[in-house]
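Only one structure is covered here, and it is reproduced in the block below.
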Amino acid sequence: MADTLHVELGRRYHFAASHRLHNAKLSEEQNHRIYGKCNNPYGHGHNYTVEVRVSGEVDPATGMIANLADLDAFVNEQVIEPFDHRSLQDEVPAFRETVPTTENLCVEIFQRLKGFPVAKLEAVRVVETSNNSFEYAGD
Amino acid sequence: MVYITRKLEFSASHLYHNPALSADENRHIFGKCNNPHGHGHNYTLEVTIAGEPDPVTGMVLDLKELKEILECEITQRMDHRFLNYEVAELKNQIPTCENVARVIWNLLEPKIPQGHLHRVRLYESADLFADCYRNGAKGLA
C-alpha cells in the first residue's frame, strides 16, 4: 500500500538579507512608481524563510527520503552561506542584473538546489514576511 | 473540488535505531536521534480532505466527524506514547517523519466516509515535515 503513496520531506531554513528593488533600465521616476518603498536607495532587509520539499523512495533501512544532515549541508552551502547577512543585489552575482524580487529569489534558490543528488527537488517556497510568500516548482 | 484541512497536535517520543546496522553505523546515520532513551516532539498533523460540498449540508465532510476519526485513529494511538514501542503499525520501522506520515495515511484513508484523503502533512517541528499524497494525485499543494 505504501508503494502507491507519494511522500515528500519538507524542511525550512532561515536567513536574513537586504535588497533593493531597482531596474537600471528604467528611469528614477518609473522605478519609484513601480517599486515604491522597496526602491529606497539604501535598501532594506527581511528575515526570509525558505521551505524546501524533496521527494523520493523512503529507504527502508533508514526510514528517510534523504538524510537531513545531507540536505542541510547542501542547502547551507548553496543558499544560506552565500545569502545570509548579505545585500542580495550587491553580493550575489545572480542579482547584479536581475531585480532581487522574491519571485526571482525563489527561482534562483530552486536552480541552486535542483542538483541535490539524494532526492528530487519538488518545490521551493520563500516566505518574505508573514504576509507574503512565493513558490516555484520548476517550469 | 474543495479542500478542507483539519489540524491536530499530539506529543510523542521516539528513537531511530536499525538493529541490522552496527552501533557505529546507527550513530553515524541517525546522530542524536539514536540516543537509546529516546526523545520527544510536539507533532502537528494537518489532514486535507478533497471533495465536492454536499448540496444539502454545504460540507465536503462534517468536521465534527473528521475530528472524531482523528481522535480515535491518531490521538488515542499516538498521543503521549513512545512510537517505537507502543504503536503497532510502526513496529519494525524507523519512526521518521516520512514513515509516521505514511502510517497515518494508511490509518485514515479507509476511514474517510465522504470526499477523499488528499494530503497528510506531519510536522515534527516548525522546520521539519513530511507530506503524503496518493501517487499522481498531488495537484493543489
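Naming scheme: A, B, ... for chains in displayed order of the C-alpha cells; residues 1 onward per chain; ligands 1 onward as shown.
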Using only C-alpha atoms, select each residue of chain A with any atom at most 6 Å away from an atom of chain B, and give the selection as a ChimeraX atom specification. /A:4-12,63
So that I can check the surroundings of stretch 84-96 of chain A, please list as an mmCIF file with C-alpha atoms, in the first residue's frame every protein, DNA and RNA residue that reaches within 12 Å of it, counting only C-alpha atoms and ignoring chain neighbours fewer than 4 positions away.
data_model
loop_
_atom_site.group_PDB
_atom_site.id
_atom_site.type_symbol
_atom_site.label_atom_id
_atom_site.label_comp_id
_atom_site.auth_asym_id
_atom_site.auth_seq_id
_atom_site.Cartn_x
_atom_site.Cartn_y
_atom_site.Cartn_z
ATOM 1 C CA TYR A 13 15.642 27.256 6.594
ATOM 2 C CA HIS A 14 16.124 30.840 7.630
ATOM 3 C CA PHE A 15 18.356 33.651 6.515
ATOM 4 C CA ALA A 16 18.363 37.437 6.771
ATOM 5 C CA ALA A 17 19.366 39.654 3.879
ATOM 6 C CA SER A 18 18.813 43.093 2.441
ATOM 7 C CA HIS A 19 17.703 44.030 -1.035
ATOM 8 C CA ARG A 20 16.695 46.986 -3.139
ATOM 9 C CA LEU A 21 14.238 46.673 -5.987
ATOM 10 C CA HIS A 22 15.628 48.784 -8.795
ATOM 11 C CA ASN A 23 15.848 48.224 -12.529
ATOM 12 C CA ALA A 24 18.677 50.235 -14.093
ATOM 13 C CA PRO A 41 18.433 53.591 -2.418
ATOM 14 C CA TYR A 42 19.878 52.239 0.822
ATOM 15 C CA GLY A 43 17.863 49.041 0.646
ATOM 16 C CA HIS A 44 16.022 47.250 3.417
ATOM 17 C CA GLY A 45 16.019 43.738 4.835
ATOM 18 C CA HIS A 46 13.884 40.721 5.594
ATOM 19 C CA ASN A 47 14.058 37.552 7.612
ATOM 20 C CA TYR A 48 13.479 35.047 4.841
ATOM 21 C CA THR A 49 12.223 31.528 5.381
ATOM 22 C CA VAL A 50 12.996 29.017 2.644
ATOM 23 C CA VAL A 75 21.191 23.945 1.389
ATOM 24 C CA ASN A 76 23.661 25.660 3.716
ATOM 25 C CA GLU A 77 26.391 25.554 1.114
ATOM 26 C CA GLN A 78 24.216 26.543 -1.861
ATOM 27 C CA VAL A 79 21.901 29.095 -0.294
ATOM 28 C CA ILE A 80 22.355 30.019 3.341
ATOM 29 C CA PRO A 100 16.027 40.690 -6.398
ATOM 30 C CA THR A 101 12.282 40.391 -6.010
ATOM 31 C CA THR A 102 11.281 37.368 -4.001
ATOM 32 C CA ASN A 104 13.355 35.930 -8.695
ATOM 33 C CA LEU A 105 14.929 34.849 -5.411
ATOM 34 C CA VAL A 107 13.620 30.777 -8.846
ATOM 35 C CA GLU A 108 17.322 31.334 -8.111
ATOM 36 C CA ILE A 109 17.125 29.167 -4.988
ATOM 37 C CA GLN A 111 18.063 26.474 -9.612
ATOM 38 C CA ARG A 112 20.724 26.199 -6.924
#
Enumerate the residues of chain B with a DSSP assignment of strand (DSSP E), computed from the backbone, and present them as number ranges by chain. B: 2-14, 39-51, 81-82, 116-125, 128-134
Got a sec to tell me which of stretch 54-118 of chain B DSSP assigns to helix (DSSP H, G or I), as JSON, numbers by chain? {"B": [63, 64, 65, 66, 67, 68, 69, 70, 71, 72, 73, 74, 75, 76, 77, 78, 83, 84, 85, 86, 88, 89, 90, 97, 98, 99, 100, 101, 102, 103, 104, 105, 106, 107, 108, 109, 110, 111]}
Contacts of stretch 62-75 of chain B at 10 Å (only C-alpha atoms; same-chain gap of 3+ positions) as an mmCIF file with N, CA and C atoms, in the first residue's frame:
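This is the output file around_36.cif:
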data_model
loop_
_atom_site.group_PDB
_atom_site.id
_atom_site.type_symbol
_atom_site.label_atom_id
_atom_site.label_comp_id
_atom_site.auth_asym_id
_atom_site.auth_seq_id
_atom_site.Cartn_x
_atom_site.Cartn_y
_atom_site.Cartn_z
ATOM 1 N N ILE B 4 -10.547 20.708 2.374
ATOM 2 C CA ILE B 4 -10.694 21.175 3.756
ATOM 3 C C ILE B 4 -9.596 20.527 4.601
ATOM 4 N N THR B 5 -9.093 21.310 5.551
ATOM 5 C CA THR B 5 -7.960 20.833 6.351
ATOM 6 C C THR B 5 -8.268 20.958 7.830
ATOM 7 N N ARG B 6 -8.000 19.900 8.532
ATOM 8 C CA ARG B 6 -8.161 19.892 9.993
ATOM 9 C C ARG B 6 -6.788 19.644 10.609
ATOM 10 N N LYS B 7 -6.518 20.377 11.666
ATOM 11 C CA LYS B 7 -5.201 20.270 12.308
ATOM 12 C C LYS B 7 -5.360 19.623 13.673
ATOM 13 N N LEU B 8 -4.385 18.844 14.078
ATOM 14 C CA LEU B 8 -4.380 18.369 15.455
ATOM 15 C C LEU B 8 -2.948 18.231 15.930
ATOM 16 N N GLU B 9 -2.788 18.292 17.229
ATOM 17 C CA GLU B 9 -1.444 18.192 17.799
ATOM 18 C C GLU B 9 -1.382 16.997 18.733
ATOM 19 N N PHE B 10 -0.244 16.342 18.727
ATOM 20 C CA PHE B 10 -0.011 15.303 19.714
ATOM 21 C C PHE B 10 1.464 15.298 20.079
ATOM 22 N N SER B 11 1.761 14.728 21.228
ATOM 23 C CA SER B 11 3.146 14.676 21.693
ATOM 24 C C SER B 11 3.539 13.222 21.835
ATOM 25 N N LEU B 45 -0.304 17.702 13.054
ATOM 26 C CA LEU B 45 -0.793 16.954 11.902
ATOM 27 C C LEU B 45 -1.842 17.790 11.183
ATOM 28 N N VAL B 47 -4.568 17.355 8.143
ATOM 29 C CA VAL B 47 -5.214 16.360 7.294
ATOM 30 C C VAL B 47 -6.123 17.100 6.315
ATOM 31 N N ILE B 49 -8.859 16.923 3.229
ATOM 32 C CA ILE B 49 -9.845 16.092 2.535
ATOM 33 C C ILE B 49 -10.329 16.862 1.306
ATOM 34 N N ASP B 54 -21.516 18.862 -0.225
ATOM 35 C CA ASP B 54 -22.837 18.241 -0.311
ATOM 36 C C ASP B 54 -23.877 19.351 -0.519
ATOM 37 N N THR B 57 -25.951 19.920 2.921
ATOM 38 C CA THR B 57 -25.264 20.420 4.117
ATOM 39 C C THR B 57 -24.248 21.515 3.801
ATOM 40 N N GLY B 58 -23.832 21.600 2.527
ATOM 41 C CA GLY B 58 -22.791 22.561 2.170
ATOM 42 C C GLY B 58 -21.408 22.128 2.613
ATOM 43 N N MET B 59 -21.275 20.868 3.051
ATOM 44 C CA MET B 59 -19.997 20.406 3.595
ATOM 45 C C MET B 59 -19.368 19.331 2.709
ATOM 46 N N MET B 78 -1.426 7.558 19.360
ATOM 47 C CA MET B 78 -0.061 8.119 19.365
ATOM 48 C C MET B 78 0.225 9.153 20.444
ATOM 49 N N ASP B 79 -0.807 9.816 20.962
ATOM 50 C CA ASP B 79 -0.535 10.925 21.881
ATOM 51 C C ASP B 79 0.025 10.421 23.210
ATOM 52 N N HIS B 80 1.141 11.018 23.613
ATOM 53 C CA HIS B 80 1.833 10.620 24.845
ATOM 54 C C HIS B 80 2.219 9.144 24.833
ATOM 55 N N ARG B 81 2.662 8.693 23.676
ATOM 56 C CA ARG B 81 3.158 7.320 23.513
ATOM 57 C C ARG B 81 4.599 7.357 23.044
ATOM 58 N N VAL B 103 2.167 5.973 7.879
ATOM 59 C CA VAL B 103 1.298 5.165 8.745
ATOM 60 C C VAL B 103 -0.019 5.896 8.997
ATOM 61 N N ILE B 104 0.074 7.202 9.241
ATOM 62 C CA ILE B 104 -1.148 7.987 9.474
ATOM 63 C C ILE B 104 -2.045 7.945 8.229
ATOM 64 N N LEU B 107 -3.800 4.656 8.101
ATOM 65 C CA LEU B 107 -4.845 4.541 9.124
ATOM 66 C C LEU B 107 -6.088 5.334 8.740
ATOM 67 N N LEU B 108 -5.870 6.507 8.162
ATOM 68 C CA LEU B 108 -7.007 7.404 7.928
ATOM 69 C C LEU B 108 -7.760 7.109 6.634
ATOM 70 N N LYS B 111 -10.975 5.278 6.531
ATOM 71 C CA LYS B 111 -11.994 5.740 7.482
ATOM 72 C C LYS B 111 -12.739 6.986 7.014
ATOM 73 N N ILE B 112 -12.289 7.589 5.905
ATOM 74 C CA ILE B 112 -12.910 8.853 5.482
ATOM 75 C C ILE B 112 -14.220 8.538 4.755
ATOM 76 N N PRO B 113 -15.368 8.925 5.349
ATOM 77 C CA PRO B 113 -16.652 8.492 4.801
ATOM 78 C C PRO B 113 -17.134 9.302 3.606
ATOM 79 N N GLN B 114 -16.629 10.522 3.445
ATOM 80 C CA GLN B 114 -17.094 11.395 2.360
ATOM 81 C C GLN B 114 -15.909 12.159 1.827
#
Taking only C-alpha atoms into account, which of A:Val54, A:Leu68, A:Ala61, A:Leu26 comes nearest A:Ala119? A:Val54
Would you mind reading off the distance between atom CA of B:Val60 and atom CA of B:Thr48, one decimal, in Å?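 Rounded to one decimal, the two atoms are 10.8 Å apart.
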Looking at A:Ser27, A:Val118, A:Val99, A:Asn131, which one is nearest to A:Met64, with distances taken over only C-alpha atoms?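 Closest residue, counting only C-alpha atoms: A:Val118.
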I want to know what sits within 7 Å of B:Asn84, based on only C-alpha atoms, with residues of the same chain fewer than 5 positions away left out; could you give that as a PyMOL selection string? chain B and resi 14+90-91+95
Next, the residues of the selection above should be written as a CSV table (one decimal), in the first residue's frame with C-alpha atoms.
chain,number,residue,atom,x,y,z
B,14,HIS,CA,10.7,8.1,19.5
B,90,LEU,CA,5.4,1.3,13.5
B,91,LYS,CA,6.9,-1.9,14.7
B,95,PRO,CA,9.6,6.3,13.1
